[in-house]
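Participant: Dropping in input-v4.cif, which is mmCIF, N, CA and C atoms:
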data_input
#
loop_
_atom_site.label_atom_id
_atom_site.label_comp_id
_atom_site.auth_asym_id
_atom_site.auth_seq_id
_atom_site.Cartn_x
_atom_site.Cartn_y
_atom_site.Cartn_z
N GLN A 1 167.92 -64.20 83.21
CA GLN A 1 168.23 -65.60 82.96
C GLN A 1 167.05 -66.39 82.47
N GLY A 2 165.82 -65.92 82.76
CA GLY A 2 164.65 -66.67 82.33
C GLY A 2 164.07 -67.50 83.44
N HIS A 3 163.03 -68.23 83.08
CA HIS A 3 162.25 -68.96 84.05
C HIS A 3 161.83 -70.27 83.41
N LEU A 4 161.99 -71.37 84.10
CA LEU A 4 161.66 -72.68 83.56
C LEU A 4 160.61 -73.36 84.42
N VAL A 5 159.65 -74.03 83.78
CA VAL A 5 158.61 -74.75 84.50
C VAL A 5 158.45 -76.13 83.88
N GLU A 6 158.63 -77.18 84.70
CA GLU A 6 158.45 -78.55 84.23
C GLU A 6 157.02 -79.03 84.49
N SER A 7 156.59 -79.95 83.65
CA SER A 7 155.30 -80.60 83.85
C SER A 7 155.36 -82.00 83.25
N GLY A 8 154.37 -82.81 83.58
CA GLY A 8 154.26 -84.13 82.96
C GLY A 8 154.70 -85.30 83.80
N GLY A 9 155.17 -85.06 85.00
CA GLY A 9 155.57 -86.18 85.85
C GLY A 9 154.36 -86.98 86.31
N GLY A 10 154.64 -88.11 86.95
CA GLY A 10 153.56 -88.94 87.45
C GLY A 10 154.07 -90.30 87.86
N SER A 11 153.12 -91.23 88.05
CA SER A 11 153.44 -92.59 88.47
C SER A 11 153.02 -93.56 87.38
N VAL A 12 153.92 -94.46 87.03
CA VAL A 12 153.63 -95.47 86.01
C VAL A 12 154.24 -96.80 86.45
N GLN A 13 153.79 -97.86 85.83
CA GLN A 13 154.40 -99.16 86.06
C GLN A 13 155.59 -99.34 85.13
N ALA A 14 156.48 -100.22 85.51
CA ALA A 14 157.64 -100.51 84.67
C ALA A 14 157.19 -100.88 83.26
N GLY A 15 157.91 -100.33 82.29
CA GLY A 15 157.56 -100.55 80.89
C GLY A 15 156.68 -99.47 80.32
N GLY A 16 156.16 -98.61 81.19
CA GLY A 16 155.29 -97.54 80.75
C GLY A 16 156.05 -96.34 80.21
N SER A 17 155.29 -95.29 79.86
CA SER A 17 155.87 -94.10 79.25
C SER A 17 155.34 -92.84 79.93
N LEU A 18 156.18 -91.82 79.92
CA LEU A 18 155.79 -90.49 80.36
C LEU A 18 156.46 -89.47 79.45
N ARG A 19 155.84 -88.33 79.34
CA ARG A 19 156.43 -87.24 78.56
C ARG A 19 156.52 -86.02 79.46
N LEU A 20 157.73 -85.54 79.68
CA LEU A 20 157.96 -84.35 80.47
C LEU A 20 158.12 -83.16 79.54
N SER A 21 157.66 -82.01 80.01
CA SER A 21 157.78 -80.80 79.22
C SER A 21 158.40 -79.69 80.05
N CYS A 22 159.25 -78.90 79.42
CA CYS A 22 159.92 -77.79 80.08
C CYS A 22 159.59 -76.52 79.29
N ALA A 23 158.85 -75.64 79.92
CA ALA A 23 158.48 -74.38 79.29
C ALA A 23 159.45 -73.30 79.73
N ALA A 24 159.97 -72.56 78.76
CA ALA A 24 160.96 -71.53 79.04
C ALA A 24 160.39 -70.16 78.77
N SER A 25 160.72 -69.25 79.65
CA SER A 25 160.34 -67.86 79.47
C SER A 25 161.41 -66.95 80.03
N PRO A 26 162.03 -66.07 79.33
CA PRO A 26 161.82 -65.83 77.91
C PRO A 26 162.45 -66.92 77.05
N TYR A 27 162.29 -66.83 75.76
CA TYR A 27 162.76 -67.86 74.84
C TYR A 27 164.26 -68.06 74.98
N THR A 28 164.67 -69.31 74.88
CA THR A 28 166.04 -69.65 75.22
C THR A 28 167.02 -69.48 74.07
N ASP A 29 166.75 -68.52 73.21
CA ASP A 29 167.74 -68.24 72.17
C ASP A 29 169.09 -67.90 72.78
N ARG A 30 169.08 -67.31 73.96
CA ARG A 30 170.31 -66.92 74.60
C ARG A 30 171.00 -68.08 75.29
N SER A 31 170.34 -69.22 75.39
CA SER A 31 170.92 -70.37 76.06
C SER A 31 171.32 -71.40 75.02
N ARG A 32 172.59 -71.72 75.02
CA ARG A 32 173.10 -72.66 74.03
C ARG A 32 172.60 -74.08 74.28
N CYS A 33 172.43 -74.41 75.55
CA CYS A 33 172.09 -75.78 75.90
C CYS A 33 170.90 -75.84 76.86
N VAL A 34 170.07 -76.84 76.67
CA VAL A 34 169.01 -77.16 77.62
C VAL A 34 169.15 -78.64 77.98
N GLY A 35 169.02 -78.94 79.24
CA GLY A 35 169.20 -80.32 79.67
C GLY A 35 168.13 -80.77 80.64
N TRP A 36 167.96 -82.10 80.69
CA TRP A 36 167.12 -82.73 81.70
C TRP A 36 168.04 -83.47 82.67
N PHE A 37 167.77 -83.27 83.94
CA PHE A 37 168.55 -83.90 85.00
C PHE A 37 167.58 -84.62 85.94
N ARG A 38 168.09 -85.50 86.76
CA ARG A 38 167.24 -86.18 87.74
C ARG A 38 168.00 -86.40 89.02
N GLN A 39 167.25 -86.47 90.10
CA GLN A 39 167.85 -86.71 91.41
C GLN A 39 166.94 -87.62 92.22
N ALA A 40 167.48 -88.78 92.58
CA ALA A 40 166.76 -89.71 93.43
C ALA A 40 167.15 -89.46 94.88
N PRO A 41 166.30 -89.83 95.83
CA PRO A 41 166.62 -89.61 97.25
C PRO A 41 167.96 -90.23 97.63
N GLY A 42 168.80 -89.44 98.27
CA GLY A 42 170.10 -89.93 98.73
C GLY A 42 171.15 -90.03 97.65
N LYS A 43 170.83 -89.58 96.43
CA LYS A 43 171.79 -89.66 95.34
C LYS A 43 172.10 -88.27 94.78
N GLN A 44 173.21 -88.18 94.08
CA GLN A 44 173.58 -86.92 93.45
C GLN A 44 172.71 -86.66 92.22
N ARG A 45 172.59 -85.38 91.88
CA ARG A 45 171.87 -85.03 90.68
C ARG A 45 172.63 -85.55 89.46
N GLU A 46 171.89 -86.14 88.53
CA GLU A 46 172.48 -86.81 87.38
C GLU A 46 171.92 -86.21 86.09
N GLY A 47 172.82 -85.88 85.17
CA GLY A 47 172.38 -85.42 83.87
C GLY A 47 171.86 -86.59 83.05
N VAL A 48 170.73 -86.40 82.36
CA VAL A 48 170.08 -87.47 81.61
C VAL A 48 170.21 -87.25 80.11
N ALA A 49 169.87 -86.05 79.66
CA ALA A 49 169.88 -85.75 78.24
C ALA A 49 170.01 -84.25 78.05
N THR A 50 170.63 -83.86 76.94
CA THR A 50 170.75 -82.44 76.62
C THR A 50 170.42 -82.22 75.16
N ILE A 51 170.13 -80.96 74.85
CA ILE A 51 169.89 -80.59 73.46
C ILE A 51 170.54 -79.25 73.19
N ALA A 52 171.24 -79.15 72.07
CA ALA A 52 171.82 -77.89 71.64
C ALA A 52 170.74 -77.12 70.90
N THR A 53 170.38 -75.95 71.40
CA THR A 53 169.23 -75.24 70.86
C THR A 53 169.46 -74.73 69.45
N LYS A 54 170.70 -74.56 69.06
CA LYS A 54 170.98 -74.04 67.72
C LYS A 54 170.54 -75.01 66.65
N ASP A 55 170.81 -76.31 66.84
CA ASP A 55 170.55 -77.27 65.78
C ASP A 55 169.81 -78.52 66.24
N GLY A 56 169.46 -78.60 67.52
CA GLY A 56 168.71 -79.74 68.01
C GLY A 56 169.53 -80.98 68.26
N LEU A 57 170.86 -80.84 68.27
CA LEU A 57 171.71 -82.01 68.49
C LEU A 57 171.54 -82.51 69.92
N ALA A 58 171.23 -83.79 70.04
CA ALA A 58 170.90 -84.37 71.34
C ALA A 58 172.02 -85.25 71.86
N TYR A 59 172.12 -85.30 73.19
CA TYR A 59 173.09 -86.16 73.87
C TYR A 59 172.37 -86.90 74.98
N TYR A 60 172.68 -88.19 75.14
CA TYR A 60 172.04 -89.02 76.17
C TYR A 60 173.09 -89.77 76.97
N ILE A 61 172.79 -89.98 78.24
CA ILE A 61 173.65 -90.87 78.99
C ILE A 61 173.31 -92.30 78.59
N GLU A 62 174.25 -93.19 78.83
CA GLU A 62 174.14 -94.55 78.32
C GLU A 62 172.89 -95.26 78.81
N SER A 63 172.53 -95.03 80.06
CA SER A 63 171.43 -95.80 80.65
C SER A 63 170.06 -95.45 80.09
N VAL A 64 169.96 -94.36 79.33
CA VAL A 64 168.65 -93.99 78.78
C VAL A 64 168.63 -94.02 77.26
N LYS A 65 169.75 -94.30 76.65
CA LYS A 65 169.81 -94.36 75.19
C LYS A 65 168.82 -95.40 74.66
N GLY A 66 168.09 -95.01 73.62
CA GLY A 66 167.11 -95.91 73.03
C GLY A 66 165.77 -95.91 73.75
N ARG A 67 165.70 -95.29 74.93
CA ARG A 67 164.44 -95.24 75.68
C ARG A 67 163.92 -93.81 75.81
N PHE A 68 164.82 -92.85 75.97
CA PHE A 68 164.43 -91.45 76.14
C PHE A 68 164.75 -90.66 74.87
N THR A 69 163.91 -89.66 74.59
CA THR A 69 164.14 -88.77 73.46
C THR A 69 163.89 -87.34 73.90
N ILE A 70 164.89 -86.48 73.69
CA ILE A 70 164.75 -85.06 74.00
C ILE A 70 164.48 -84.31 72.71
N SER A 71 163.59 -83.33 72.77
CA SER A 71 163.25 -82.57 71.57
C SER A 71 162.88 -81.16 71.97
N GLN A 72 162.96 -80.26 70.99
CA GLN A 72 162.60 -78.88 71.26
C GLN A 72 161.55 -78.41 70.27
N ASP A 73 160.71 -77.48 70.70
CA ASP A 73 159.69 -76.87 69.86
C ASP A 73 159.88 -75.36 69.95
N ARG A 74 160.36 -74.76 68.87
CA ARG A 74 160.65 -73.33 68.90
C ARG A 74 159.38 -72.49 68.89
N VAL A 75 158.28 -73.04 68.44
CA VAL A 75 157.02 -72.29 68.42
C VAL A 75 156.47 -72.14 69.84
N THR A 76 156.48 -73.22 70.59
CA THR A 76 155.93 -73.18 71.95
C THR A 76 156.99 -72.91 73.01
N ASN A 77 158.26 -72.80 72.58
CA ASN A 77 159.37 -72.55 73.52
C ASN A 77 159.47 -73.64 74.58
N THR A 78 159.36 -74.88 74.17
CA THR A 78 159.44 -75.99 75.11
C THR A 78 160.51 -76.98 74.70
N VAL A 79 161.01 -77.68 75.70
CA VAL A 79 161.91 -78.80 75.49
C VAL A 79 161.29 -80.00 76.20
N ASP A 80 161.00 -81.03 75.47
CA ASP A 80 160.33 -82.20 76.02
C ASP A 80 161.29 -83.37 76.19
N LEU A 81 160.93 -84.26 77.11
CA LEU A 81 161.66 -85.50 77.30
C LEU A 81 160.65 -86.64 77.25
N GLN A 82 160.66 -87.38 76.15
CA GLN A 82 159.80 -88.55 76.01
C GLN A 82 160.52 -89.74 76.63
N MET A 83 159.88 -90.38 77.60
CA MET A 83 160.51 -91.49 78.31
C MET A 83 159.69 -92.75 78.09
N ASN A 84 160.28 -93.72 77.43
CA ASN A 84 159.63 -95.00 77.15
C ASN A 84 160.34 -96.11 77.90
N SER A 85 159.69 -97.25 77.98
CA SER A 85 160.26 -98.43 78.63
C SER A 85 160.85 -98.08 79.98
N LEU A 86 160.09 -97.36 80.77
CA LEU A 86 160.58 -96.88 82.06
C LEU A 86 160.88 -98.03 83.01
N LYS A 87 161.90 -97.82 83.83
CA LYS A 87 162.35 -98.81 84.80
C LYS A 87 162.24 -98.22 86.21
N PRO A 88 162.14 -99.06 87.23
CA PRO A 88 162.10 -98.52 88.60
C PRO A 88 163.29 -97.62 88.92
N GLU A 89 164.45 -97.90 88.35
CA GLU A 89 165.62 -97.08 88.62
C GLU A 89 165.55 -95.70 87.96
N ASP A 90 164.53 -95.45 87.14
CA ASP A 90 164.31 -94.12 86.59
C ASP A 90 163.56 -93.22 87.57
N THR A 91 163.10 -93.78 88.68
CA THR A 91 162.37 -93.00 89.67
C THR A 91 163.25 -91.90 90.25
N ALA A 92 162.76 -90.66 90.17
CA ALA A 92 163.53 -89.51 90.64
C ALA A 92 162.69 -88.24 90.43
N THR A 93 163.20 -87.15 90.97
CA THR A 93 162.66 -85.84 90.61
C THR A 93 163.45 -85.37 89.38
N TYR A 94 162.73 -84.99 88.37
CA TYR A 94 163.36 -84.57 87.11
C TYR A 94 163.31 -83.05 86.99
N TYR A 95 164.45 -82.47 86.61
CA TYR A 95 164.59 -81.04 86.47
C TYR A 95 165.06 -80.70 85.05
N CYS A 96 164.55 -79.59 84.53
CA CYS A 96 165.16 -79.08 83.31
C CYS A 96 166.01 -77.86 83.69
N ALA A 97 167.01 -77.60 82.88
CA ALA A 97 167.93 -76.51 83.14
C ALA A 97 168.48 -75.99 81.83
N GLN A 98 168.94 -74.75 81.85
CA GLN A 98 169.50 -74.17 80.64
C GLN A 98 170.73 -73.35 80.99
N SER A 99 171.57 -73.13 79.98
CA SER A 99 172.79 -72.37 80.21
C SER A 99 173.37 -71.89 78.90
N ARG A 100 173.93 -70.69 78.94
CA ARG A 100 174.72 -70.21 77.80
C ARG A 100 176.14 -70.75 77.86
N TRP A 101 176.52 -71.21 79.06
CA TRP A 101 177.92 -71.57 79.26
C TRP A 101 178.10 -73.03 79.66
N ALA A 102 177.16 -73.87 79.27
CA ALA A 102 177.27 -75.28 79.61
C ALA A 102 178.50 -75.88 78.94
N PRO A 103 179.11 -76.83 79.60
CA PRO A 103 180.25 -77.49 78.98
C PRO A 103 179.82 -78.24 77.73
N VAL A 104 180.70 -78.24 76.75
CA VAL A 104 180.40 -78.93 75.50
C VAL A 104 181.55 -79.85 75.14
N SER A 105 181.23 -80.82 74.32
CA SER A 105 182.22 -81.70 73.73
C SER A 105 181.92 -81.73 72.24
N GLY A 106 182.73 -81.06 71.45
CA GLY A 106 182.39 -80.87 70.05
C GLY A 106 181.13 -80.03 69.96
N ASP A 107 180.11 -80.53 69.29
CA ASP A 107 178.85 -79.80 69.16
C ASP A 107 177.81 -80.25 70.19
N TYR A 108 178.18 -81.20 71.05
CA TYR A 108 177.24 -81.73 72.02
C TYR A 108 177.31 -80.96 73.34
N CYS A 109 176.15 -80.67 73.91
CA CYS A 109 176.08 -80.10 75.24
C CYS A 109 176.24 -81.22 76.25
N MET A 110 177.09 -81.02 77.23
CA MET A 110 177.36 -82.06 78.23
C MET A 110 176.43 -81.89 79.43
N PRO A 111 175.91 -82.99 79.94
CA PRO A 111 174.96 -82.93 81.07
C PRO A 111 175.67 -82.83 82.42
N VAL A 112 176.42 -81.75 82.58
CA VAL A 112 177.13 -81.51 83.84
C VAL A 112 176.35 -80.44 84.61
N ALA A 113 175.77 -80.81 85.72
CA ALA A 113 174.83 -79.93 86.43
C ALA A 113 175.45 -78.58 86.81
N SER A 114 176.71 -78.60 87.19
CA SER A 114 177.34 -77.35 87.64
C SER A 114 177.47 -76.33 86.52
N GLY A 115 177.32 -76.76 85.28
CA GLY A 115 177.43 -75.85 84.16
C GLY A 115 176.13 -75.20 83.75
N TYR A 116 175.04 -75.49 84.44
CA TYR A 116 173.72 -74.96 84.09
C TYR A 116 173.28 -73.94 85.12
N THR A 117 172.77 -72.82 84.64
CA THR A 117 172.56 -71.67 85.51
C THR A 117 171.11 -71.41 85.88
N THR A 118 170.17 -71.88 85.09
CA THR A 118 168.75 -71.64 85.36
C THR A 118 168.05 -72.99 85.46
N TRP A 119 167.31 -73.17 86.55
CA TRP A 119 166.70 -74.46 86.84
C TRP A 119 165.20 -74.31 87.08
N GLY A 120 164.45 -75.35 86.71
CA GLY A 120 163.05 -75.42 87.07
C GLY A 120 162.89 -75.98 88.47
N GLN A 121 161.65 -76.12 88.89
CA GLN A 121 161.37 -76.55 90.27
C GLN A 121 161.33 -78.07 90.40
N GLY A 122 161.28 -78.78 89.29
CA GLY A 122 161.30 -80.24 89.31
C GLY A 122 159.91 -80.85 89.22
N THR A 123 159.87 -82.07 88.69
CA THR A 123 158.63 -82.83 88.61
C THR A 123 158.95 -84.29 88.95
N GLN A 124 158.09 -84.92 89.74
CA GLN A 124 158.37 -86.25 90.25
C GLN A 124 157.96 -87.32 89.24
N VAL A 125 158.85 -88.29 89.04
CA VAL A 125 158.56 -89.46 88.23
C VAL A 125 158.75 -90.69 89.11
N THR A 126 157.73 -91.52 89.22
CA THR A 126 157.79 -92.73 90.03
C THR A 126 157.43 -93.92 89.16
N VAL A 127 158.33 -94.91 89.10
CA VAL A 127 158.12 -96.10 88.30
C VAL A 127 158.07 -97.30 89.24
N SER A 128 156.96 -98.00 89.24
CA SER A 128 156.80 -99.15 90.13
C SER A 128 157.04 -100.45 89.37
N SER A 129 157.54 -101.43 90.09
CA SER A 129 157.85 -102.72 89.44
C SER A 129 156.65 -103.65 89.43
#
Hey, can you dump this file as structure tokens for me?
Facilitator:
Amino acid sequence: QGHLVESGGGSVQAGGSLRLSCAASPYTDRSRCVGWFRQAPGKQREGVATIATKDGLAYYIESVKGRFTISQDRVTNTVDLQMNSLKPEDTATYYCAQSRWAPVSGDYCMPVASGYTTWGQGTQVTVSS
């Protein structure tokens, strides 16, 4: 199934930026979808953004549209999440995940956690007001 490692978390003030990176090993050619998810204390895990590895088609949940950007680098085998204009409600542990069988809608990979089979260990993002 492979192995995923997240990096890039940290603490920032509201309005700041962070860039998360997800390194995959082996290369995720076998995984149709890669996604970023987050989980805040006492809350369910929430899908944030996904990318279809075949063509780079990205999907975002409404609350992060225009602020977050997901991208992939086939040379370094990474999927990054650039997060701008961060808000306190973005505070959570962020996980990347991949799956060959993730649910899709048309050509978009859907950020449904139960459909992802390989997960990283998570990286903490804390946004202070």
Participant: If you apply the PyMOL selection byres (((chain A and resi 7-18 and name CA) around 12) and name CA) to this file, what residues do you get, as a ChimeraX atom specification?
Facilitator: /A:4-6,19-24,38,67-69,78-96,120-129
Participant: Write down as a ChimeraX atom specification the residues of chain A whose backbone DSSP state falls under helix (DSSP H, G or I).
Facilitator: /A:28-30,62-64,88-90,113-115
Participant: Please compute the atom C of Asp55 (chain A)-CA of Met110 (chain A) distance, one decimal, in Å.
Facilitator: 14.6 Å
Participant: Between atom C of Ser99 (chain A) and CA of Gly42 (chain A), what is the distance, to one decimal in Å?
Facilitator: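 Atom C of Ser99 (chain A) sits 27.0 Å away from CA of Gly42 (chain A).
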Participant: For each of A:Lys65, A:Arg32, A:Lys43, A:His3, take the minimum atom-to-atom distance to Trp101 (chain A), counting only N, CA and C atoms, then give the residue where this is smallest.
Facilitator: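 Among A:Lys65, A:Arg32, A:Lys43, A:His3, it is A:Arg32 that comes nearest to Trp101 (chain A).
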Participant: Have a look at CA of Ser114 (chain A) and CA of Val75 (chain A) and let me know their distance in Å, one decimal.
Facilitator: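 Straight-line distance from CA of Ser114 (chain A) to CA of Val75 (chain A) works out to 28.4 Å.
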Participant: Env of region 56-58 of chain A: 8 Å cut, atoms = all atoms listed in the file, seq-sep filter 3 positions within chain, self excluded. Answer as an NGL selection string.
Facilitator: :A and (49-53 or 61 or 70-72 or 107-109)
Participant: When you count all atoms listed in the file, which of these residues is closest to Tyr60 (chain A): A:Asn77, A:Gly115, A:Pro41, A:Val48?
Facilitator: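 Looking only at the distances to Tyr60 (chain A), the closest residue turns out to be A:Val48.
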Participant: Counting all atoms listed in the file, which of A:Pro111, A:Lys54, A:Arg74, A:Ser105 gets nearest to Trp36 (chain A)?
Facilitator: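 Distance minimum relative to Trp36 (chain A) lands on A:Pro111.
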Participant: Considering only N, CA and C atoms, can you say which of A:Ser31, A:Thr76, A:Val64, A:Ala113 comes closest to Arg45 (chain A)?
Facilitator: A:Ala113
Participant: As a VMD selection string, please: all residues of chain A that backbone DSSP puts in strand (DSSP E).
Facilitator: chain A and resid 3 to 7 10 to 13 18 to 25 33 to 39 46 to 52 58 to 60 68 to 73 78 to 83 92 to 99 104 to 105 108 to 109 118 to 119 123 to 128
